[in-house]
$ cat work-v1.txt   # compact mmCIF, C-alpha atoms
# COMPACT_ATOMS: atom_id res chain seq x y z
CA MET A 1 17.23 -56.11 76.52
CA LYS A 2 14.27 -54.48 78.01
CA THR A 3 12.77 -51.30 76.67
CA ALA A 4 13.55 -49.39 79.80
CA GLY A 5 17.16 -50.48 79.60
CA ILE A 6 17.36 -49.30 76.00
CA ILE A 7 15.92 -45.91 76.86
CA VAL A 8 18.34 -45.54 79.74
CA ALA A 9 21.20 -46.52 77.48
CA ILE A 10 20.17 -43.93 74.90
CA VAL A 11 19.84 -41.18 77.49
CA VAL A 12 23.17 -42.02 79.03
CA ALA A 13 24.83 -42.15 75.64
CA LEU A 14 23.41 -38.79 74.67
CA ALA A 15 24.42 -37.30 77.98
CA LEU A 16 27.93 -38.62 77.68
CA GLN A 17 28.13 -37.62 74.05
CA THR A 18 27.19 -34.03 74.80
CA THR A 19 29.22 -33.62 77.96
CA ILE A 20 32.11 -35.87 78.71
CA VAL A 21 33.25 -37.07 75.30
CA ARG A 22 34.19 -33.65 74.03
CA PHE A 23 36.52 -33.27 76.99
CA VAL A 24 37.97 -36.75 76.74
CA VAL A 25 38.61 -36.73 73.02
CA SER A 26 40.49 -33.73 71.78
CA GLY A 27 39.68 -32.13 68.46
CA THR A 28 36.98 -33.73 66.39
CA VAL A 29 34.70 -35.96 68.37
CA ALA A 30 35.71 -39.39 67.16
CA VAL A 31 33.14 -41.49 68.99
CA ASP A 32 29.38 -41.64 68.39
CA LEU A 33 28.10 -43.20 71.57
CA VAL A 34 24.51 -43.12 70.38
CA LEU A 35 25.45 -45.16 67.35
CA VAL A 36 27.31 -47.55 69.61
CA VAL A 37 24.15 -48.03 71.65
CA VAL A 38 22.08 -48.61 68.52
CA VAL A 39 24.48 -51.24 67.20
CA TYR A 40 24.74 -52.84 70.60
CA VAL A 41 20.96 -53.12 70.94
CA ALA A 42 20.65 -54.44 67.40
CA LEU A 43 23.29 -57.12 67.97
CA SER A 44 21.93 -58.17 71.28
CA SER A 45 18.19 -57.90 70.62
CA GLY A 46 17.58 -58.15 66.87
CA SER A 47 16.53 -56.03 63.90
CA VAL A 48 13.26 -54.57 65.20
CA PRO A 49 14.69 -53.29 68.49
CA GLY A 50 17.69 -52.08 66.52
CA LEU A 51 15.41 -50.28 64.10
CA MET A 52 13.35 -48.66 66.83
CA THR A 53 16.40 -47.74 68.88
CA GLY A 54 18.03 -46.23 65.82
CA THR A 55 14.92 -44.25 64.98
CA ILE A 56 14.34 -42.85 68.44
CA ALA A 57 17.96 -42.21 69.27
CA GLY A 58 18.69 -40.73 65.89
CA LEU A 59 15.74 -38.36 66.02
CA ILE A 60 16.65 -37.25 69.53
CA GLN A 61 20.25 -36.75 68.51
CA ASP A 62 19.15 -34.76 65.44
CA SER A 63 16.91 -32.55 67.48
CA ILE A 64 19.63 -31.89 70.03
CA GLN A 65 22.60 -31.14 67.85
CA VAL A 66 20.80 -29.71 64.81
CA SER A 67 24.02 -29.70 62.83
CA THR A 68 22.34 -29.80 59.45
CA GLY A 69 19.13 -28.04 60.38
CA VAL A 70 17.15 -31.06 59.20
CA ILE A 71 15.72 -33.49 61.72
CA GLY A 72 15.53 -37.01 60.39
CA ILE A 73 18.78 -37.55 58.56
CA GLY A 74 20.52 -39.05 61.58
CA GLY A 75 17.36 -40.93 62.46
CA LEU A 76 17.17 -42.43 58.99
CA ALA A 77 20.83 -43.42 59.00
CA LYS A 78 20.68 -44.96 62.46
CA SER A 79 17.41 -46.75 61.64
CA ILE A 80 19.00 -48.40 58.62
CA VAL A 81 22.13 -49.27 60.56
CA GLY A 82 20.11 -50.65 63.47
CA PHE A 83 17.88 -52.75 61.24
CA VAL A 84 20.66 -54.14 59.06
CA THR A 85 22.93 -54.80 62.04
CA GLY A 86 20.10 -56.61 63.77
CA LEU A 87 19.63 -58.80 60.72
CA ILE A 88 23.34 -59.56 60.65
CA GLY A 89 23.34 -60.32 64.35
CA THR A 90 20.55 -62.85 63.99
CA GLN A 91 22.00 -64.54 60.92
CA LEU A 92 25.72 -64.66 61.77
CA ASN A 93 27.70 -65.62 64.80
CA ILE A 94 29.22 -62.47 66.12
CA ALA A 95 30.08 -63.56 69.63
CA GLU A 96 33.77 -63.06 69.03
CA PRO A 97 35.29 -59.64 69.77
CA VAL A 98 36.85 -59.45 66.33
CA ALA A 99 33.55 -60.02 64.63
CA ARG A 100 31.91 -57.40 66.82
CA PHE A 101 34.73 -55.03 66.04
CA VAL A 102 34.14 -55.49 62.32
CA VAL A 103 30.40 -54.98 62.71
CA PHE A 104 30.83 -51.79 64.74
CA PHE A 105 33.41 -50.52 62.31
CA GLY A 106 31.25 -51.30 59.27
CA ALA A 107 28.13 -49.90 60.89
CA THR A 108 29.89 -46.62 61.49
CA VAL A 109 31.10 -46.44 57.90
CA VAL A 110 27.61 -47.18 56.59
CA HIS A 111 26.13 -44.62 58.97
CA GLN A 112 28.51 -41.95 57.76
CA ALA A 113 27.95 -42.86 54.12
CA ILE A 114 24.19 -42.54 54.53
CA THR A 115 24.47 -39.26 56.41
CA MET A 116 26.85 -37.75 53.88
CA GLY A 117 24.89 -39.10 50.93
CA LEU A 118 21.63 -37.64 52.19
CA GLY A 119 23.32 -34.32 52.91
CA ALA A 120 24.73 -34.21 49.41
CA VAL A 121 21.44 -35.21 47.78
CA LEU A 122 19.52 -32.58 49.70
CA GLY A 123 22.20 -29.97 49.06
CA LEU A 124 22.71 -29.34 52.74
CA ARG A 125 26.44 -29.83 52.88
CA THR A 126 29.26 -30.39 50.50
CA PHE A 127 31.37 -33.16 51.78
CA GLY A 128 34.94 -33.73 50.76
CA VAL A 129 36.43 -37.17 51.12
CA PRO A 130 36.77 -37.49 54.94
CA TYR A 131 38.23 -40.97 54.88
CA THR A 132 40.45 -40.31 57.87
CA SER A 133 37.79 -38.89 60.14
CA VAL A 134 35.38 -41.65 59.17
CA ALA A 135 38.04 -44.27 59.86
CA VAL A 136 38.92 -42.69 63.17
CA GLU A 137 35.30 -42.57 64.23
CA ALA A 138 34.72 -46.14 63.07
CA LEU A 139 37.75 -47.23 65.02
CA GLY A 140 36.62 -45.39 68.14
CA ASN A 141 33.10 -46.73 67.93
CA ALA A 142 34.38 -50.26 67.37
CA VAL A 143 36.67 -50.09 70.37
CA VAL A 144 33.98 -48.64 72.61
CA GLY A 145 31.38 -51.10 71.32
CA VAL A 146 33.56 -54.18 71.83
CA ALA A 147 34.54 -52.92 75.27
CA ALA A 148 30.88 -52.45 76.14
CA PHE A 149 30.10 -56.02 75.14
CA GLN A 150 33.03 -57.32 77.12
CA LEU A 151 32.00 -55.37 80.18
CA THR A 152 28.37 -56.44 80.07
CA GLU A 153 29.34 -60.05 79.63
CA LEU A 154 31.33 -59.83 82.81
CA LEU A 155 28.14 -59.14 84.71
CA PRO A 156 26.68 -62.19 86.50
CA GLY A 157 24.31 -64.17 84.24
CA ALA A 158 24.74 -61.92 81.22
CA VAL A 159 25.66 -64.69 78.80
CA GLU A 160 22.68 -66.76 79.80
CA ARG A 161 20.32 -63.83 79.36
CA ARG A 162 21.69 -63.15 75.92
CA ARG A 163 21.35 -66.77 74.86
CA MET A 164 17.77 -66.87 76.08
CA GLY A 165 16.98 -63.70 74.17
CA ARG A 166 18.39 -65.15 70.96
CA SER A 167 16.55 -68.41 71.36
CA ARG A 168 13.32 -66.42 71.74
CA LEU A 169 14.12 -64.57 68.57
CA ARG A 170 14.77 -67.76 66.58
CA ARG A 171 11.47 -69.26 67.76
CA MET B 1 1.40 -61.18 70.25
CA ALA B 2 1.53 -57.84 68.60
CA LEU B 3 5.26 -57.68 69.20
CA LEU B 4 5.59 -61.10 67.63
CA ASP B 5 3.74 -59.87 64.58
CA ILE B 6 6.01 -56.90 64.33
CA ARG B 7 9.05 -59.14 64.56
CA ARG B 8 7.71 -61.39 61.82
CA ASN B 9 6.86 -58.44 59.63
CA SER B 10 9.95 -56.45 60.38
CA GLY B 11 10.37 -55.63 56.70
CA TYR B 12 7.07 -53.71 56.64
CA LEU B 13 8.03 -51.95 59.82
CA PHE B 14 11.36 -51.01 58.32
CA LEU B 15 9.67 -49.60 55.23
CA ALA B 16 7.21 -47.67 57.35
CA VAL B 17 9.99 -46.16 59.42
CA MET B 18 11.91 -45.25 56.26
CA LEU B 19 8.84 -43.63 54.79
CA GLY B 20 8.29 -41.69 57.99
CA HIS B 21 11.83 -40.40 57.89
CA VAL B 22 11.58 -39.42 54.25
CA ILE B 23 8.38 -37.51 54.95
CA LEU B 24 9.94 -35.85 57.96
CA ILE B 25 12.99 -34.78 55.98
CA SER B 26 10.91 -33.65 53.02
CA ALA B 27 8.88 -31.40 55.27
CA GLN B 28 12.01 -29.53 56.24
CA VAL B 29 13.96 -29.36 53.01
CA ASN B 30 13.05 -26.73 50.45
CA SER B 31 12.80 -27.57 46.77
CA ARG B 32 14.36 -25.37 44.09
CA SER B 33 11.28 -23.20 44.09
CA GLY B 34 11.73 -22.49 47.79
CA VAL B 35 8.74 -24.56 48.85
CA PRO B 36 9.28 -27.48 51.24
CA VAL B 37 9.59 -30.74 49.33
CA LEU B 38 6.77 -32.34 51.29
CA GLU B 39 4.48 -29.41 50.55
CA SER B 40 5.54 -29.40 46.92
CA VAL B 41 4.96 -33.15 46.52
CA THR B 42 1.72 -33.04 48.49
CA PHE B 43 0.47 -30.09 46.48
CA GLY B 44 1.43 -31.82 43.24
CA LEU B 45 -0.40 -34.99 44.22
CA VAL B 46 -3.45 -33.09 45.42
CA ALA B 47 -3.45 -30.97 42.28
CA GLU B 48 -3.29 -34.06 40.10
CA ALA B 49 -6.12 -35.62 42.07
CA GLN B 50 -8.13 -32.42 41.71
CA ARG B 51 -7.39 -32.32 38.01
CA GLY B 52 -8.53 -35.92 37.58
CA LEU B 53 -11.64 -35.29 39.68
CA SER B 54 -12.46 -32.14 37.76
CA LEU B 55 -11.98 -33.92 34.45
CA GLY B 56 -14.15 -36.79 35.55
CA VAL B 57 -16.89 -34.48 36.80
CA ALA B 58 -16.74 -32.46 33.57
CA ARG B 59 -17.04 -35.58 31.44
CA LEU B 60 -19.85 -36.91 33.56
CA ARG B 61 -21.67 -33.61 33.33
CA ARG B 62 -21.12 -33.39 29.60
CA THR B 63 -22.41 -36.92 29.12
CA TRP B 64 -25.39 -36.13 31.31
CA ASP B 65 -26.16 -32.92 29.45
CA ARG B 66 -25.67 -34.45 26.02
CA TYR B 67 -27.38 -37.78 26.36
CA VAL B 68 -29.64 -37.75 29.40
CA TRP B 69 -30.84 -34.32 30.44
CA LEU B 70 -32.40 -33.21 27.14
CA ARG B 71 -35.37 -31.42 28.59
CA GLY B 72 -35.89 -28.14 26.81
CA VAL B 73 -33.41 -28.95 24.09
CA GLU B 74 -36.06 -29.07 21.40
CA ALA B 75 -37.43 -25.67 22.36
CA GLU B 76 -33.94 -24.28 22.58
CA ASN B 77 -33.14 -25.76 19.20
CA ALA B 78 -36.21 -24.16 17.66
CA ASN B 79 -35.36 -20.86 19.27
CA LEU B 80 -31.82 -21.05 17.95
CA ARG B 81 -33.09 -21.84 14.49
CA ARG B 82 -35.34 -18.81 14.61
CA GLN B 83 -32.42 -16.70 15.73
CA LEU B 84 -30.31 -18.15 12.95
CA ASP B 85 -32.95 -17.35 10.36
CA ALA B 86 -33.28 -13.81 11.66
CA LEU B 87 -29.52 -13.39 11.63
CA GLN B 88 -29.31 -14.71 8.11
CA VAL B 89 -31.90 -12.20 6.96
CA GLN B 90 -30.04 -9.51 8.83
CA TYR B 91 -26.82 -10.61 7.20
CA GLN B 92 -28.36 -10.49 3.75
CA GLU B 93 -29.69 -7.02 4.46
CA ARG B 94 -26.31 -5.83 5.65
CA ARG B 95 -24.61 -7.33 2.65
CA ALA B 96 -27.09 -5.68 0.33
CA LEU B 97 -26.52 -2.39 2.07
CA SER B 98 -22.81 -2.85 1.73
CA ASP B 99 -23.10 -3.61 -1.97
CA ARG B 100 -25.35 -0.62 -2.48
CA ALA B 101 -22.95 1.63 -0.62
CA ARG B 102 -20.11 0.38 -2.77
CA SER B 103 -22.14 0.97 -5.91
CA LEU B 104 -23.00 4.48 -4.77
CA GLU B 105 -19.37 5.14 -3.98
CA ASP B 106 -18.47 4.13 -7.51
CA LEU B 107 -21.16 6.41 -8.90
CA LEU B 108 -19.97 9.28 -6.76
CA ALA B 109 -16.47 8.76 -8.02
CA LEU B 110 -17.75 8.71 -11.58
CA ARG B 111 -19.65 11.96 -11.06
CA ASP B 112 -16.61 13.66 -9.62
CA ARG B 113 -14.52 12.38 -12.49
CA SER B 114 -16.86 13.33 -15.31
CA ASN B 115 -17.49 17.00 -14.49
CA LEU B 116 -21.05 16.53 -15.75
CA GLU B 117 -24.18 17.69 -14.07
CA THR B 118 -25.81 14.43 -13.09
CA VAL B 119 -28.39 12.97 -10.78
CA ALA B 120 -28.13 9.56 -9.23
CA ALA B 121 -30.96 7.15 -9.72
CA GLU B 122 -31.78 3.67 -8.57
CA ILE B 123 -33.03 0.92 -10.81
CA ILE B 124 -36.51 0.01 -9.65
CA ALA B 125 -37.72 -2.22 -12.48
CA ALA B 126 -36.70 -4.02 -15.62
CA SER B 127 -38.50 -4.19 -18.93
CA ALA B 128 -41.82 -5.95 -19.05
CA SER B 129 -41.10 -7.51 -22.42
CA PRO B 130 -37.99 -9.39 -23.44
CA ASP B 131 -38.19 -7.76 -26.84
CA PHE B 132 -37.32 -4.42 -25.40
CA ARG B 133 -34.27 -3.85 -23.28
CA THR B 134 -35.28 -1.13 -20.88
CA LEU B 135 -34.99 -0.29 -17.20
CA THR B 136 -37.03 1.92 -14.96
CA ILE B 137 -35.30 4.33 -12.60
CA ASP B 138 -36.69 6.10 -9.56
CA LYS B 139 -36.08 9.65 -10.78
CA GLY B 140 -38.29 11.55 -13.21
CA SER B 141 -39.11 14.90 -14.61
CA SER B 142 -39.50 16.42 -11.17
CA GLN B 143 -35.76 15.85 -10.76
CA GLY B 144 -35.10 17.46 -14.12
CA LEU B 145 -34.98 14.30 -16.23
CA LYS B 146 -36.00 14.60 -19.88
CA ARG B 147 -36.14 12.39 -22.93
CA ASP B 148 -32.78 11.62 -24.58
CA MET B 149 -30.72 12.28 -21.53
CA ALA B 150 -27.81 9.87 -21.30
CA VAL B 151 -27.62 7.31 -18.53
CA ILE B 152 -24.20 6.16 -17.45
CA ALA B 153 -22.72 3.86 -14.87
CA ASN B 154 -19.31 3.35 -13.47
CA ASP B 155 -18.46 0.77 -16.14
CA GLY B 156 -19.62 2.89 -19.01
CA ALA B 157 -22.62 4.08 -21.04
CA VAL B 158 -25.93 2.43 -20.12
CA GLY B 159 -28.54 3.98 -22.40
CA ARG B 160 -30.85 6.93 -22.75
CA ILE B 161 -34.11 8.09 -21.26
CA VAL B 162 -37.03 7.45 -23.55
CA VAL B 163 -39.93 8.23 -21.22
CA ALA B 164 -39.91 10.42 -18.11
CA SER B 165 -42.79 10.68 -15.69
CA SER B 166 -42.75 12.94 -12.70
CA SER B 167 -41.06 10.44 -10.41
CA ALA B 168 -39.70 7.73 -12.69
CA ALA B 169 -38.18 7.29 -16.06
CA LYS B 170 -37.69 4.52 -18.57
CA VAL B 171 -34.19 3.96 -19.85
CA GLN B 172 -33.53 2.34 -23.21
CA LEU B 173 -30.43 0.24 -22.84
CA LEU B 174 -27.65 0.28 -25.42
CA ILE B 175 -28.38 -3.36 -26.19
CA ASP B 176 -32.00 -2.65 -27.11
CA ARG B 177 -32.64 -3.42 -30.78
CA ASN B 178 -33.67 0.20 -31.39
CA ALA B 179 -30.74 1.77 -29.56
CA ALA B 180 -27.76 3.40 -31.21
CA ALA B 181 -24.80 5.47 -30.10
CA GLY B 182 -21.94 7.18 -31.88
CA ALA B 183 -18.79 5.14 -31.19
CA ILE B 184 -15.08 5.40 -31.74
CA ILE B 185 -12.26 2.90 -31.43
CA GLU B 186 -10.05 4.40 -28.78
CA ARG B 187 -6.80 3.02 -30.16
CA SER B 188 -7.19 3.80 -33.88
CA ARG B 189 -9.81 6.57 -33.63
CA ALA B 190 -11.94 4.74 -36.24
CA GLN B 191 -15.54 5.86 -35.99
CA GLY B 192 -18.82 4.02 -36.39
CA VAL B 193 -22.22 3.51 -34.82
CA ALA B 194 -22.90 1.06 -32.00
CA LEU B 195 -26.26 -0.59 -32.48
CA GLY B 196 -28.19 -2.77 -30.10
CA GLY B 197 -29.27 -6.15 -31.37
CA GLY B 198 -31.69 -7.17 -28.69
CA ASP B 199 -29.27 -9.68 -27.28
CA ALA B 200 -26.19 -9.38 -25.13
CA ARG B 201 -23.99 -7.99 -27.90
CA LEU B 202 -23.74 -4.69 -29.77
CA ARG B 203 -22.81 -4.22 -33.39
CA LEU B 204 -20.39 -1.59 -34.54
CA GLU B 205 -21.44 -0.54 -38.02
CA TYR B 206 -20.50 1.99 -40.63
CA VAL B 207 -16.81 1.44 -40.06
CA ALA B 208 -14.67 1.86 -43.16
CA GLU B 209 -12.95 -1.31 -44.42
CA ALA B 210 -9.58 0.33 -44.23
CA SER B 211 -10.06 1.14 -40.59
CA ASP B 212 -7.80 -0.48 -38.07
CA VAL B 213 -10.03 -2.58 -35.85
CA VAL B 214 -8.85 -5.66 -33.97
CA VAL B 215 -10.37 -7.86 -31.33
CA GLY B 216 -9.89 -6.41 -27.89
CA ASP B 217 -10.03 -2.77 -28.92
CA LEU B 218 -11.83 -0.48 -26.53
CA VAL B 219 -14.92 1.20 -27.96
CA VAL B 220 -16.06 4.48 -26.41
CA THR B 221 -18.80 6.97 -27.11
CA SER B 222 -17.89 9.55 -29.73
CA GLY B 223 -20.43 12.16 -28.69
CA ILE B 224 -21.59 12.88 -32.22
CA ASP B 225 -25.09 11.58 -31.53
CA GLY B 226 -25.81 14.50 -29.23
CA ILE B 227 -26.97 12.15 -26.43
CA TYR B 228 -24.01 10.40 -24.84
CA PRO B 229 -21.08 12.33 -23.46
CA LYS B 230 -17.88 11.69 -25.33
CA GLY B 231 -15.43 9.14 -24.05
CA PHE B 232 -17.60 6.76 -22.03
CA THR B 233 -16.89 3.09 -22.45
CA ILE B 234 -19.28 1.10 -24.59
CA GLY B 235 -17.39 -2.17 -24.65
CA TYR B 236 -14.64 -4.21 -26.23
CA ILE B 237 -14.39 -5.62 -29.74
CA ASP B 238 -14.85 -9.36 -29.52
CA ALA B 239 -15.28 -10.25 -33.23
CA VAL B 240 -14.39 -8.61 -36.56
CA GLU B 241 -15.55 -9.92 -39.93
CA LYS B 242 -15.84 -8.47 -43.41
CA ALA B 243 -19.45 -7.66 -44.36
CA GLY B 244 -19.23 -5.99 -47.73
CA PRO B 245 -17.06 -3.89 -49.94
CA ALA B 246 -17.16 -0.86 -47.72
CA TYR B 247 -17.89 -2.01 -44.18
CA LYS B 248 -16.87 -4.49 -41.59
CA ARG B 249 -19.24 -6.34 -39.28
CA ILE B 250 -17.92 -5.86 -35.83
CA SER B 251 -19.30 -7.26 -32.58
CA ILE B 252 -18.93 -5.46 -29.29
CA LYS B 253 -19.14 -7.02 -25.88
CA PRO B 254 -20.68 -4.33 -23.64
CA ALA B 255 -18.61 -3.16 -20.69
CA VAL B 256 -21.69 -2.72 -18.54
CA ASN B 257 -23.31 -5.77 -17.04
CA PHE B 258 -26.89 -4.65 -17.61
CA SER B 259 -28.38 -7.42 -15.56
CA ALA B 260 -26.43 -6.36 -12.49
CA LEU B 261 -27.11 -2.65 -12.57
CA GLU B 262 -28.45 -1.11 -9.38
CA ASN B 263 -27.58 2.55 -9.53
CA VAL B 264 -26.93 4.85 -12.44
CA LEU B 265 -26.21 8.49 -13.16
CA VAL B 266 -28.42 10.50 -15.46
CA VAL B 267 -26.59 13.22 -17.33
CA LEU B 268 -28.80 16.26 -17.07
CA THR B 269 -27.21 17.99 -20.05
CA THR B 270 -29.10 17.03 -23.18
CA ASN B 271 -26.19 17.66 -25.53
CA PRO B 272 -23.16 16.79 -23.47
CA SER B 273 -20.73 15.99 -26.28
CA ASN B 274 -17.21 17.29 -25.91
CA GLN B 275 -17.82 18.27 -22.30
CA VAL B 276 -15.74 15.52 -20.77
CA GLU B 277 -12.44 13.84 -21.32
CA GLU B 278 -12.47 10.26 -22.44
CA GLN B 279 -13.39 7.97 -19.61
CA LYS B 280 -10.82 5.38 -18.72
CA PRO B 281 -12.21 2.01 -17.70
$ encode --input "work-v1.txt" --output "structure tokens"
Amino acid sequence: MKTAGIIVAIVVALALQTTIVRFVVSGTVAVDLVLVVVVYVALSSGSVPGLMTGTIAGLIQDSIQVSTGVIGIGGLAKSIVGFVTGLIGTQLNIAEPVARFVVFFGATVVHQAITMGLGAVLGLRTFGVPYTSVAVEALGNAVVGVAAFQLTELLPGAVERRRMGRSRLRR
Amino acid sequence: MALLDIRRNSGYLFLAVMLGHVILISAQVNSRSGVPVLESVTFGLVAEAQRGLSLGVARLRRTWDRYVWLRGVEAENANLRRQLDALQVQYQERRALSDRARSLEDLLALRDRSNLETVAAEIIAASASPDFRTLTIDKGSSQGLKRDMAVIANDGAVGRIVVASSSAAKVQLLIDRNAAAGAIIERSRAQGVALGGGDARLRLEYVAEASDVVVGDLVVTSGIDGIYPKGFTIGYIDAVEKAGPAYKRISIKPAVNFSALENVLVVLTTNPSNQVEEQKP
């Protein structure tokens, strides 16, 4: 996945996240499209692109929403998720939708755990035990992420491009 | 190529990104003291570095000053020694002044206590011969001093004037072999005569055998000799032995330390007996 494509994906995700999603999903926003993009890039391109995508996207997202007043927490969480997911993507076979679903779900849980943990350590917020909201968000991200993979693989030549990218990585 | 390196060393890149995030977050989050964590940590690190640098520079400088740069040390050392000598002399002078002031205070207290007309005098010389126990004082006939005037000190009777010039006088001490003073045992009121022996002790003679005299008794002047005022301390009985059918031989340890005298009072009344109450030591 080219750098330009990643940047476009991040911008689109942020735009959708801040505009359309809040109208589509009632109540608490249950989908983090930026995180979906990070995980997608990490799975399709590897740990370093995942790390960089997570860093950039997370910092931009932090600076836009400023929910905690501290820029960097989201960036840190998404960087870790992007890096670790990229490692998993290069070591395991996650071509199946179920495996992707699990990865997206787990990545969201880890992302939330890191965010909440950092907030608690820094005394920024006191979190309860939001198992339900975390599960809902993880579910939403997983569904959107798997759907995104399925859609992109429907494009002509997508599978070949992905295979070539992986073979470059392994070399 | 560079991208390939980054991919191979993704772990270092990950650590660098993590470190960057931590620094970024630290710069925004305040510590308990209200200072941003990054500033607090940075300040702490810089302060420790400054402390170490300062310590190192101080040690280096001390080593340099102590072991290398010794120019002028000898002259400084000599100068300091001179200063030390001068200060020691000054200290001795001050201490002497202090002792003299204390001695004069004691004399003043004695004069107030005795109700006698007295004049203070300073010892300026000792006897020229060891056979005679005398002192020379800095007051003489021009200050009204005459022969046979009693000389007293804070501790007790000292002696009498035997020669008076215009500005000095010679004092015969009680311990001189030719000196004598009427004495009385304060406790038992037994009377006798205290005689000098030329040494550090006095003898109390002409005391009746039946008299009650024990070691430790206080001996004071009786005033019957017409020289010493009544009631001034002569000394303490330190030995009692039988000397004959009618008398005891009694030794007195003088109360006055004659070798340490500096200032005395001369009683200007020539027959001062019965003019004062008994002096308490």
$ interface_residues --input "work-v1.txt" --of "chain A" --to "chain B" --cutoff "12 Å" --atoms "all atoms listed in the file" --output "number ranges by chain"
A: 45-56, 58-59, 62, 68-84, 86-87, 118-119, 121-124, 168-171
$ write_last_selection --input "work-v1.txt" --atoms "C-alpha atoms" --output "short mmCIF file (atom, residue, chain, number, x, y, z; two decimals), in the coordinates of the input"
data_model
loop_
_atom_site.label_atom_id
_atom_site.label_comp_id
_atom_site.auth_asym_id
_atom_site.auth_seq_id
_atom_site.Cartn_x
_atom_site.Cartn_y
_atom_site.Cartn_z
CA SER A 45 18.19 -57.90 70.62
CA GLY A 46 17.58 -58.15 66.87
CA SER A 47 16.53 -56.03 63.90
CA VAL A 48 13.26 -54.57 65.20
CA PRO A 49 14.69 -53.29 68.49
CA GLY A 50 17.69 -52.08 66.52
CA LEU A 51 15.41 -50.28 64.10
CA MET A 52 13.35 -48.66 66.83
CA THR A 53 16.40 -47.74 68.88
CA GLY A 54 18.03 -46.23 65.82
CA THR A 55 14.92 -44.25 64.98
CA ILE A 56 14.34 -42.85 68.44
CA GLY A 58 18.69 -40.73 65.89
CA LEU A 59 15.74 -38.36 66.02
CA ASP A 62 19.15 -34.76 65.44
CA THR A 68 22.34 -29.80 59.45
CA GLY A 69 19.13 -28.04 60.38
CA VAL A 70 17.15 -31.06 59.20
CA ILE A 71 15.72 -33.49 61.72
CA GLY A 72 15.53 -37.01 60.39
CA ILE A 73 18.78 -37.55 58.56
CA GLY A 74 20.52 -39.05 61.58
CA GLY A 75 17.36 -40.93 62.46
CA LEU A 76 17.17 -42.43 58.99
CA ALA A 77 20.83 -43.42 59.00
CA LYS A 78 20.68 -44.96 62.46
CA SER A 79 17.41 -46.75 61.64
CA ILE A 80 19.00 -48.40 58.62
CA VAL A 81 22.13 -49.27 60.56
CA GLY A 82 20.11 -50.65 63.47
CA PHE A 83 17.88 -52.75 61.24
CA VAL A 84 20.66 -54.14 59.06
CA GLY A 86 20.10 -56.61 63.77
CA LEU A 87 19.63 -58.80 60.72
CA LEU A 118 21.63 -37.64 52.19
CA GLY A 119 23.32 -34.32 52.91
CA VAL A 121 21.44 -35.21 47.78
CA LEU A 122 19.52 -32.58 49.70
CA GLY A 123 22.20 -29.97 49.06
CA LEU A 124 22.71 -29.34 52.74
CA ARG A 168 13.32 -66.42 71.74
CA LEU A 169 14.12 -64.57 68.57
CA ARG A 170 14.77 -67.76 66.58
CA ARG A 171 11.47 -69.26 67.76
#
$ residues_around --input "work-v1.txt" --residues "Ser166 of chain B" --least-positions-apart "2" --cutoff "12 Å" --atoms "all atoms listed in the file" --output "count of residues only"
15
$ atom_distance --input "work-v1.txt" --atom1 "atom CA of Leu204 of chain B" --atom2 "atom CA of Asp106 of chain B"
27.7 Å
$ atom_distance --input "work-v1.txt" --atom1 "atom CA of Leu265 of chain B" --atom2 "atom CA of Arg111 of chain B"
7.7 Å
$ atom_distance --input "work-v1.txt" --atom1 "atom CA of Ala138 of chain A" --atom2 "atom CA of Thr108 of chain A"
5.1 Å
$ closest_residue --input "work-v1.txt" --among "B:Leu84, B:Val220, B:Ile124, B:Ile185" --to "Asp155 of chain B" --atoms "only C-alpha atoms"
B:Val220
$ build_atoms --input "work-v1.txt" --residues "segment 47-54 of chain B" --atoms "N, CA and C atoms" --output "compact mmCIF listing (two decimals), in the coordinates of the input"
# COMPACT_ATOMS: atom_id res chain seq x y z
N ALA B 47 -3.05 -31.65 43.52
CA ALA B 47 -3.45 -30.97 42.28
C ALA B 47 -3.80 -31.97 41.19
N GLU B 48 -2.99 -33.05 41.11
CA GLU B 48 -3.29 -34.06 40.10
C GLU B 48 -4.63 -34.74 40.40
N ALA B 49 -4.85 -35.01 41.69
CA ALA B 49 -6.12 -35.62 42.07
C ALA B 49 -7.28 -34.69 41.74
N GLN B 50 -7.08 -33.39 42.01
CA GLN B 50 -8.13 -32.42 41.71
C GLN B 50 -8.38 -32.34 40.22
N ARG B 51 -7.26 -32.39 39.46
CA ARG B 51 -7.39 -32.32 38.01
C ARG B 51 -8.20 -33.52 37.49
N GLY B 52 -7.82 -34.72 38.00
CA GLY B 52 -8.53 -35.92 37.58
C GLY B 52 -10.00 -35.86 37.97
N LEU B 53 -10.25 -35.39 39.20
CA LEU B 53 -11.64 -35.29 39.68
C LEU B 53 -12.43 -34.30 38.83
N SER B 54 -11.78 -33.17 38.56
CA SER B 54 -12.46 -32.14 37.76
C SER B 54 -12.77 -32.66 36.37
